[in-house]
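*Asks:* Quick one: the structure is below, and I'll ask about it shortly.
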Amino acid sequence: MISVALAFGITLLSGYFSVSIIDREMELRFRLLLSIPMGFAISSVFYFLYQCLNLYNFQQFQWFELIAVLVLALVYFNQEKPEWSKHKFKKLSNWFYVVNIYALAIFLKYFINNPMGSWDGFRIWNIKAEFLYLQSPLWKNVFSLPHFMSHCDYPMFLPSSVARIWQYAGQQCFWANMVIGLLFTFGLVYLLYQAVCYFKSEKTAAVVCTVFMISDIFLVNGAAQCADIPLAMFFLSAVVCLFFYFKNKRFTTFLLSLTFAGLSAWVKNEGLMFLVVYSIVMMCWFAANKRMKKTVITAILTAIFGACIVLYKKFTGAPNDLIYGFVEVKSYMFAFDFHRYLVVLQTFLTLMFGKFVLFLSLAILAIKGFKIKEKLKKPFLLSSSIFWLMVAGYIAVYILAPHDINWLTENSMERIILQILPVFVFLFSITLRIGKPDSIN
């Protein structure tokens, strides 16, 4: 128990210090929430590199992590003394606490019934974590699992994070997976809550987050031990930081936003698409406003993240089913198959009026229409562009994938929707013309 607590503590502290070093002026509540995706990204990268170097002395790795956290702490405290007085937390309403308890019960019920994860949680993610945990020189066989549904080319963010915790525990303990799921599931909701509260109003935040808290489809996927909910948190983190950048005008805040976009590519393949879309939109924006230095910096950092992913893909040697289909099956011809478009639309509508019908109730909030504050227009337009380009990218993947379209949409679309849904809800919420005047933010 102590070792596992230490593992999570190191992860969260490394995330907190990293976020704070990049953007020290961001409010404490956001830095604490952003420490979840940042910390797990750092820990998973370190653990994967440790495996790649064939260093199987885990005790030495533990000392390395402790030293890394101490270095980050020294850098953080070596700067100007932290100002704690301006960081205040508002007490949540009693209703929201009740909803939290209900959501936790649903989450735990699903996890207890599926301790090894859902079908994808076991087949794609936890089996790879087991390869890493065993610390055998044969661990690279994880990239040559026979079935295409194993997605051997997927990034190792989640398997590395899980295997690392198992190493600290000294055994494969799936309750550690549960804690990871809890941190990302509830961390995502609280990040959305604090962001809507900050840029819109507390009441609006409570309403939209209550829908997430009582939604089975969201909670079940959070407990399914898949990478989609963590990926959603990286997406939302990038967008929220982008809003902060346009508010405070600190370029370091934009670098933090770009970092989350880049790290999302380490979580799942869809993250690479997000990085490309995000970077193109922001480079076009900077170039249009004649901010060439920022355009170049964005391009360089994007190239670094992209190069790391390319090196990873080369290292795995595992084929990607989309690329294989495009080249070998000539799936680009599917672009002219309108039946595939119809299936995508039908599946989407079925899900929205079925499993996601609760989220449609949020449309009632738009009864008075929409209005965006002048100071939020720029980040809203940019984030909306990123959102809709991502939607177009998802559709393109479905159309061009070399698989049966009915099987593919039925087995993946609900998770795809959840990846980008928090970003949509955030953008939707801050533009509502309801209630009292918006906050000063």
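For the structure tokens, the naming scheme is as follows: chains receive sequential letters (A, B, ...) according to their order of presentation, residues are indexed from 1 within each chain, and ligands are indexed from 1 in presentation order.
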Would you mind listing what lies within 8 Å of segment 36-39 of chain A as a PDB file with all heavy atoms, in the first residue's frame, with only C-alpha atoms counted and same-chain residues fewer than 3 positions away left out?
*Replies:*
ATOM      1  N   THR A  11       3.939  10.516  -9.229  1.00  0.00           N
ATOM      2  CA  THR A  11       3.296  10.896 -10.496  1.00  0.00           C
ATOM      3  C   THR A  11       2.651  12.269 -10.399  1.00  0.00           C
ATOM      4  O   THR A  11       2.882  13.148 -11.243  1.00  0.00           O
ATOM      5  CB  THR A  11       2.240   9.845 -10.886  1.00  0.00           C
ATOM      6  OG1 THR A  11       2.873   8.600 -11.138  1.00  0.00           O
ATOM      7  CG2 THR A  11       1.484  10.284 -12.134  1.00  0.00           C
ATOM      8  N   LEU A  12       1.841  12.469  -9.377  1.00  0.00           N
ATOM      9  CA  LEU A  12       1.102  13.722  -9.250  1.00  0.00           C
ATOM     10  C   LEU A  12       2.024  14.896  -8.919  1.00  0.00           C
ATOM     11  O   LEU A  12       1.812  16.008  -9.403  1.00  0.00           O
ATOM     12  CB  LEU A  12       0.007  13.576  -8.193  1.00  0.00           C
ATOM     13  CG  LEU A  12      -1.063  12.533  -8.524  1.00  0.00           C
ATOM     14  CD1 LEU A  12      -2.065  12.408  -7.376  1.00  0.00           C
ATOM     15  CD2 LEU A  12      -1.797  12.896  -9.813  1.00  0.00           C
ATOM     16  N   LEU A  13       3.043  14.649  -8.103  1.00  0.00           N
ATOM     17  CA  LEU A  13       3.985  15.724  -7.781  1.00  0.00           C
ATOM     18  C   LEU A  13       4.800  16.135  -9.007  1.00  0.00           C
ATOM     19  O   LEU A  13       5.028  17.325  -9.235  1.00  0.00           O
ATOM     20  CB  LEU A  13       4.927  15.279  -6.657  1.00  0.00           C
ATOM     21  CG  LEU A  13       4.331  15.267  -5.240  1.00  0.00           C
ATOM     22  CD1 LEU A  13       5.319  14.660  -4.253  1.00  0.00           C
ATOM     23  CD2 LEU A  13       3.954  16.684  -4.813  1.00  0.00           C
ATOM     24  N   SER A  14       5.230  15.155  -9.787  1.00  0.00           N
ATOM     25  CA  SER A  14       5.987  15.487 -10.999  1.00  0.00           C
ATOM     26  C   SER A  14       5.114  16.284 -11.967  1.00  0.00           C
ATOM     27  O   SER A  14       5.582  17.225 -12.615  1.00  0.00           O
ATOM     28  CB  SER A  14       6.506  14.216 -11.676  1.00  0.00           C
ATOM     29  OG  SER A  14       5.436  13.382 -12.103  1.00  0.00           O
ATOM     30  N   GLY A  15       3.829  15.915 -12.044  1.00  0.00           N
ATOM     31  CA  GLY A  15       2.916  16.666 -12.893  1.00  0.00           C
ATOM     32  C   GLY A  15       2.686  18.070 -12.383  1.00  0.00           C
ATOM     33  O   GLY A  15       2.691  19.037 -13.152  1.00  0.00           O
ATOM     34  N   TYR A  16       2.493  18.198 -11.057  1.00  0.00           N
ATOM     35  CA  TYR A  16       2.230  19.519 -10.473  1.00  0.00           C
ATOM     36  C   TYR A  16       3.421  20.452 -10.660  1.00  0.00           C
ATOM     37  O   TYR A  16       3.264  21.604 -11.084  1.00  0.00           O
ATOM     38  CB  TYR A  16       1.909  19.386  -8.988  1.00  0.00           C
ATOM     39  CG  TYR A  16       1.789  20.723  -8.301  1.00  0.00           C
ATOM     40  CD1 TYR A  16       0.647  21.505  -8.451  1.00  0.00           C
ATOM     41  CD2 TYR A  16       2.841  21.228  -7.536  1.00  0.00           C
ATOM     42  CE1 TYR A  16       0.549  22.749  -7.853  1.00  0.00           C
ATOM     43  CE2 TYR A  16       2.751  22.466  -6.927  1.00  0.00           C
ATOM     44  CZ  TYR A  16       1.600  23.229  -7.090  1.00  0.00           C
ATOM     45  OH  TYR A  16       1.517  24.459  -6.498  1.00  0.00           O
ATOM     46  N   SER A  18       5.834  20.252 -12.845  1.00  0.00           N
ATOM     47  CA  SER A  18       6.062  20.539 -14.266  1.00  0.00           C
ATOM     48  C   SER A  18       5.107  21.604 -14.772  1.00  0.00           C
ATOM     49  O   SER A  18       5.522  22.561 -15.446  1.00  0.00           O
ATOM     50  CB  SER A  18       5.903  19.258 -15.089  1.00  0.00           C
ATOM     51  OG  SER A  18       6.861  18.289 -14.719  1.00  0.00           O
ATOM     52  N   VAL A  19       3.816  21.455 -14.449  1.00  0.00           N
ATOM     53  CA  VAL A  19       2.828  22.454 -14.864  1.00  0.00           C
ATOM     54  C   VAL A  19       3.147  23.804 -14.249  1.00  0.00           C
ATOM     55  O   VAL A  19       3.087  24.848 -14.919  1.00  0.00           O
ATOM     56  CB  VAL A  19       1.402  22.010 -14.466  1.00  0.00           C
ATOM     57  CG1 VAL A  19       0.398  23.144 -14.681  1.00  0.00           C
ATOM     58  CG2 VAL A  19       0.989  20.788 -15.269  1.00  0.00           C
ATOM     59  N   LEU A  32      -3.466  21.866 -10.067  1.00  0.00           N
ATOM     60  CA  LEU A  32      -3.660  20.571  -9.416  1.00  0.00           C
ATOM     61  C   LEU A  32      -4.353  19.578 -10.347  1.00  0.00           C
ATOM     62  O   LEU A  32      -3.975  18.401 -10.420  1.00  0.00           O
ATOM     63  CB  LEU A  32      -4.478  20.746  -8.137  1.00  0.00           C
ATOM     64  CG  LEU A  32      -3.759  21.426  -6.962  1.00  0.00           C
ATOM     65  CD1 LEU A  32      -4.745  21.705  -5.827  1.00  0.00           C
ATOM     66  CD2 LEU A  32      -2.613  20.563  -6.453  1.00  0.00           C
ATOM     67  N   LEU A  33      -5.358  20.043 -11.064  1.00  0.00           N
ATOM     68  CA  LEU A  33      -6.086  19.159 -11.981  1.00  0.00           C
ATOM     69  C   LEU A  33      -5.233  18.787 -13.188  1.00  0.00           C
ATOM     70  O   LEU A  33      -5.232  17.636 -13.639  1.00  0.00           O
ATOM     71  CB  LEU A  33      -7.381  19.830 -12.425  1.00  0.00           C
ATOM     72  CG  LEU A  33      -8.456  19.939 -11.335  1.00  0.00           C
ATOM     73  CD1 LEU A  33      -9.563  20.901 -11.762  1.00  0.00           C
ATOM     74  CD2 LEU A  33      -9.049  18.578 -11.029  1.00  0.00           C
ATOM     75  N   ILE A  42       4.467  11.975 -17.963  1.00  0.00           N
ATOM     76  CA  ILE A  42       5.891  11.947 -17.621  1.00  0.00           C
ATOM     77  C   ILE A  42       6.292  10.562 -17.108  1.00  0.00           C
ATOM     78  O   ILE A  42       7.298   9.981 -17.549  1.00  0.00           O
ATOM     79  CB  ILE A  42       6.210  13.022 -16.567  1.00  0.00           C
ATOM     80  CG1 ILE A  42       6.033  14.423 -17.170  1.00  0.00           C
ATOM     81  CG2 ILE A  42       7.632  12.860 -16.039  1.00  0.00           C
ATOM     82  CD1 ILE A  42       6.130  15.538 -16.146  1.00  0.00           C
ATOM     83  N   SER A  43       5.520  10.026 -16.171  1.00  0.00           N
ATOM     84  CA  SER A  43       5.856   8.723 -15.578  1.00  0.00           C
ATOM     85  C   SER A  43       5.843   7.610 -16.617  1.00  0.00           C
ATOM     86  O   SER A  43       6.709   6.726 -16.615  1.00  0.00           O
ATOM     87  CB  SER A  43       4.870   8.393 -14.453  1.00  0.00           C
ATOM     88  OG  SER A  43       4.980   9.325 -13.399  1.00  0.00           O
ATOM     89  N   LEU A 183      -8.962   8.737 -11.140  1.00  0.00           N
ATOM     90  CA  LEU A 183      -8.276  10.018 -11.278  1.00  0.00           C
ATOM     91  C   LEU A 183      -8.626  10.699 -12.595  1.00  0.00           C
ATOM     92  O   LEU A 183      -8.908  11.906 -12.628  1.00  0.00           O
ATOM     93  CB  LEU A 183      -6.762   9.810 -11.181  1.00  0.00           C
ATOM     94  CG  LEU A 183      -6.205   9.551  -9.776  1.00  0.00           C
ATOM     95  CD1 LEU A 183      -4.739   9.151  -9.849  1.00  0.00           C
ATOM     96  CD2 LEU A 183      -6.367  10.792  -8.904  1.00  0.00           C
ATOM     97  N   PHE A 184      -8.637   9.942 -13.685  1.00  0.00           N
ATOM     98  CA  PHE A 184      -8.922  10.550 -14.980  1.00  0.00           C
ATOM     99  C   PHE A 184     -10.417  10.832 -15.166  1.00  0.00           C
ATOM    100  O   PHE A 184     -10.794  11.873 -15.712  1.00  0.00           O
ATOM    101  CB  PHE A 184      -8.404   9.663 -16.114  1.00  0.00           C
ATOM    102  CG  PHE A 184      -6.948   9.871 -16.409  1.00  0.00           C
ATOM    103  CD1 PHE A 184      -5.997   8.978 -15.956  1.00  0.00           C
ATOM    104  CD2 PHE A 184      -6.534  10.980 -17.132  1.00  0.00           C
ATOM    105  CE1 PHE A 184      -4.650   9.182 -16.213  1.00  0.00           C
ATOM    106  CE2 PHE A 184      -5.187  11.189 -17.403  1.00  0.00           C
ATOM    107  CZ  PHE A 184      -4.238  10.289 -16.932  1.00  0.00           C
ATOM    108  N   GLY A 187     -11.219  13.513 -12.492  1.00  0.00           N
ATOM    109  CA  GLY A 187     -10.378  14.667 -12.814  1.00  0.00           C
ATOM    110  C   GLY A 187     -10.891  15.409 -14.029  1.00  0.00           C
ATOM    111  O   GLY A 187     -10.881  16.645 -14.082  1.00  0.00           O
ATOM    112  N   PRO A 230      -8.845   9.141 -20.531  1.00  0.00           N
ATOM    113  CA  PRO A 230      -7.599   9.903 -20.385  1.00  0.00           C
ATOM    114  C   PRO A 230      -7.323  10.806 -21.588  1.00  0.00           C
ATOM    115  O   PRO A 230      -6.891  11.951 -21.424  1.00  0.00           O
ATOM    116  CB  PRO A 230      -6.528   8.814 -20.253  1.00  0.00           C
ATOM    117  CG  PRO A 230      -7.255   7.677 -19.612  1.00  0.00           C
ATOM    118  CD  PRO A 230      -8.636   7.712 -20.233  1.00  0.00           C
ATOM    119  N   MET A 233      -9.259  13.931 -21.422  1.00  0.00           N
ATOM    120  CA  MET A 233      -8.721  14.901 -20.471  1.00  0.00           C
ATOM    121  C   MET A 233      -7.557  15.675 -21.073  1.00  0.00           C
ATOM    122  O   MET A 233      -7.393  16.870 -20.812  1.00  0.00           O
ATOM    123  CB  MET A 233      -8.295  14.212 -19.175  1.00  0.00           C
ATOM    124  CG  MET A 233      -7.994  15.200 -18.067  1.00  0.00           C
ATOM    125  SD  MET A 233      -7.756  14.416 -16.454  1.00  0.00           S
ATOM    126  CE  MET A 233      -7.680  15.893 -15.413  1.00  0.00           C
ATOM    127  N   PHE A 234      -6.735  15.026 -21.886  1.00  0.00           N
ATOM    128  CA  PHE A 234      -5.649  15.732 -22.568  1.00  0.00           C
ATOM    129  C   PHE A 234      -6.222  16.754 -23.552  1.00  0.00           C
ATOM    130  O   PHE A 234      -5.727  17.885 -23.637  1.00  0.00           O
ATOM    131  CB  PHE A 234      -4.745  14.744 -23.302  1.00  0.00           C
ATOM    132  CG  PHE A 234      -3.703  14.105 -22.423  1.00  0.00           C
ATOM    133  CD1 PHE A 234      -3.980  12.949 -21.716  1.00  0.00           C
ATOM    134  CD2 PHE A 234      -2.448  14.673 -22.299  1.00  0.00           C
ATOM    135  CE1 PHE A 234      -3.027  12.359 -20.903  1.00  0.00           C
ATOM    136  CE2 PHE A 234      -1.476  14.084 -21.491  1.00  0.00           C
ATOM    137  CZ  PHE A 234      -1.768  12.920 -20.780  1.00  0.00           C
ATOM    138  N   PHE A 260       0.167  19.700 -23.884  1.00  0.00           N
ATOM    139  CA  PHE A 260      -0.908  18.723 -23.700  1.00  0.00           C
ATOM    140  C   PHE A 260      -1.372  18.164 -25.046  1.00  0.00           C
ATOM    141  O   PHE A 260      -1.688  16.980 -25.155  1.00  0.00           O
ATOM    142  CB  PHE A 260      -2.083  19.355 -22.955  1.00  0.00           C
ATOM    143  CG  PHE A 260      -1.879  19.452 -21.474  1.00  0.00           C
ATOM    144  CD1 PHE A 260      -1.824  20.681 -20.840  1.00  0.00           C
ATOM    145  CD2 PHE A 260      -1.720  18.313 -20.710  1.00  0.00           C
ATOM    146  CE1 PHE A 260      -1.622  20.769 -19.466  1.00  0.00           C
ATOM    147  CE2 PHE A 260      -1.515  18.390 -19.341  1.00  0.00           C
ATOM    148  CZ  PHE A 260      -1.458  19.627 -18.713  1.00  0.00           C
TER     149      PHE A 260
END
*Asks:* Please provide as a PyMOL selection string all residues within 10 Å of segment 301-310 of chain A, with the sequence filter that same-chain residues fewer than 6 positions apart are discarded (counting only C-alpha atoms).
*Replies:* chain A and resi 155+255+258-259+261-266+269+272+275-276+278-280+316
*Asks:* Which residues are close to Thr185 of chain A, i.e. within 8 Å by only C-alpha atoms, leaving aside same-chain residues fewer than 3 positions away? Reply as a PyMOL selection string.
*Replies:* chain A and resi 181-182+188-189+219+222-223+229-230
*Asks:* So that I have them on file, write out the residues from the current selection with N, CA and C atoms, as a PDB file, in the first residue's frame.
*Replies:*
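Generated file (again20.pdb):
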ATOM      1  N   GLY A 181      -8.225   4.980 -13.252  1.00  0.00           N
ATOM      2  CA  GLY A 181      -9.499   5.320 -13.868  1.00  0.00           C
ATOM      3  C   GLY A 181     -10.248   6.391 -13.102  1.00  0.00           C
ATOM      4  N   LEU A 182     -10.242   6.303 -11.774  1.00  0.00           N
ATOM      5  CA  LEU A 182     -10.913   7.310 -10.946  1.00  0.00           C
ATOM      6  C   LEU A 182     -10.285   8.685 -11.130  1.00  0.00           C
ATOM      7  N   LEU A 188     -11.354  14.655 -15.027  1.00  0.00           N
ATOM      8  CA  LEU A 188     -11.911  15.266 -16.238  1.00  0.00           C
ATOM      9  C   LEU A 188     -13.158  16.083 -15.906  1.00  0.00           C
ATOM     10  N   VAL A 189     -14.047  15.520 -15.076  1.00  0.00           N
ATOM     11  CA  VAL A 189     -15.280  16.224 -14.712  1.00  0.00           C
ATOM     12  C   VAL A 189     -14.970  17.491 -13.925  1.00  0.00           C
ATOM     13  N   LEU A 219     -19.437   7.070 -17.175  1.00  0.00           N
ATOM     14  CA  LEU A 219     -18.842   6.408 -16.017  1.00  0.00           C
ATOM     15  C   LEU A 219     -18.365   5.000 -16.351  1.00  0.00           C
ATOM     16  N   GLY A 222     -15.257   5.236 -18.220  1.00  0.00           N
ATOM     17  CA  GLY A 222     -14.181   5.642 -17.322  1.00  0.00           C
ATOM     18  C   GLY A 222     -13.623   4.475 -16.535  1.00  0.00           C
ATOM     19  N   ALA A 223     -14.482   3.512 -16.216  1.00  0.00           N
ATOM     20  CA  ALA A 223     -14.065   2.335 -15.450  1.00  0.00           C
ATOM     21  C   ALA A 223     -13.610   1.186 -16.339  1.00  0.00           C
ATOM     22  N   ILE A 229     -11.006   8.009 -22.076  1.00  0.00           N
ATOM     23  CA  ILE A 229     -11.269   9.053 -21.087  1.00  0.00           C
ATOM     24  C   ILE A 229      -9.987   9.822 -20.754  1.00  0.00           C
ATOM     25  N   PRO A 230      -8.845   9.141 -20.531  1.00  0.00           N
ATOM     26  CA  PRO A 230      -7.599   9.903 -20.385  1.00  0.00           C
ATOM     27  C   PRO A 230      -7.323  10.806 -21.588  1.00  0.00           C
TER      28      PRO A 230
END
*Asks:* Select, from A:Tyr190, A:Tyr56, A:Phe315, A:Phe212, the residue with the minimum atom-to-atom distance to Ser237 of chain A, counting only C-alpha atoms.
*Replies:*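 Closest to Ser237 of chain A of all the choices is A:Tyr190.
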*Asks:* What's the separation between atom CA of Leu55 of chain A and atom CA of Val4 of chain A, in Å to one decimal place?
*Replies:*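 Atom-to-atom, atom CA of Leu55 of chain A and atom CA of Val4 of chain A are spaced 20.8 Å apart.
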*Asks:* State, in Å with one decimal place, the distance from atom CA of Ala335 of chain A to atom CA of Asp404 of chain A.
*Replies:*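 Atom-to-atom, atom CA of Ala335 of chain A and atom CA of Asp404 of chain A are spaced 14.1 Å apart.
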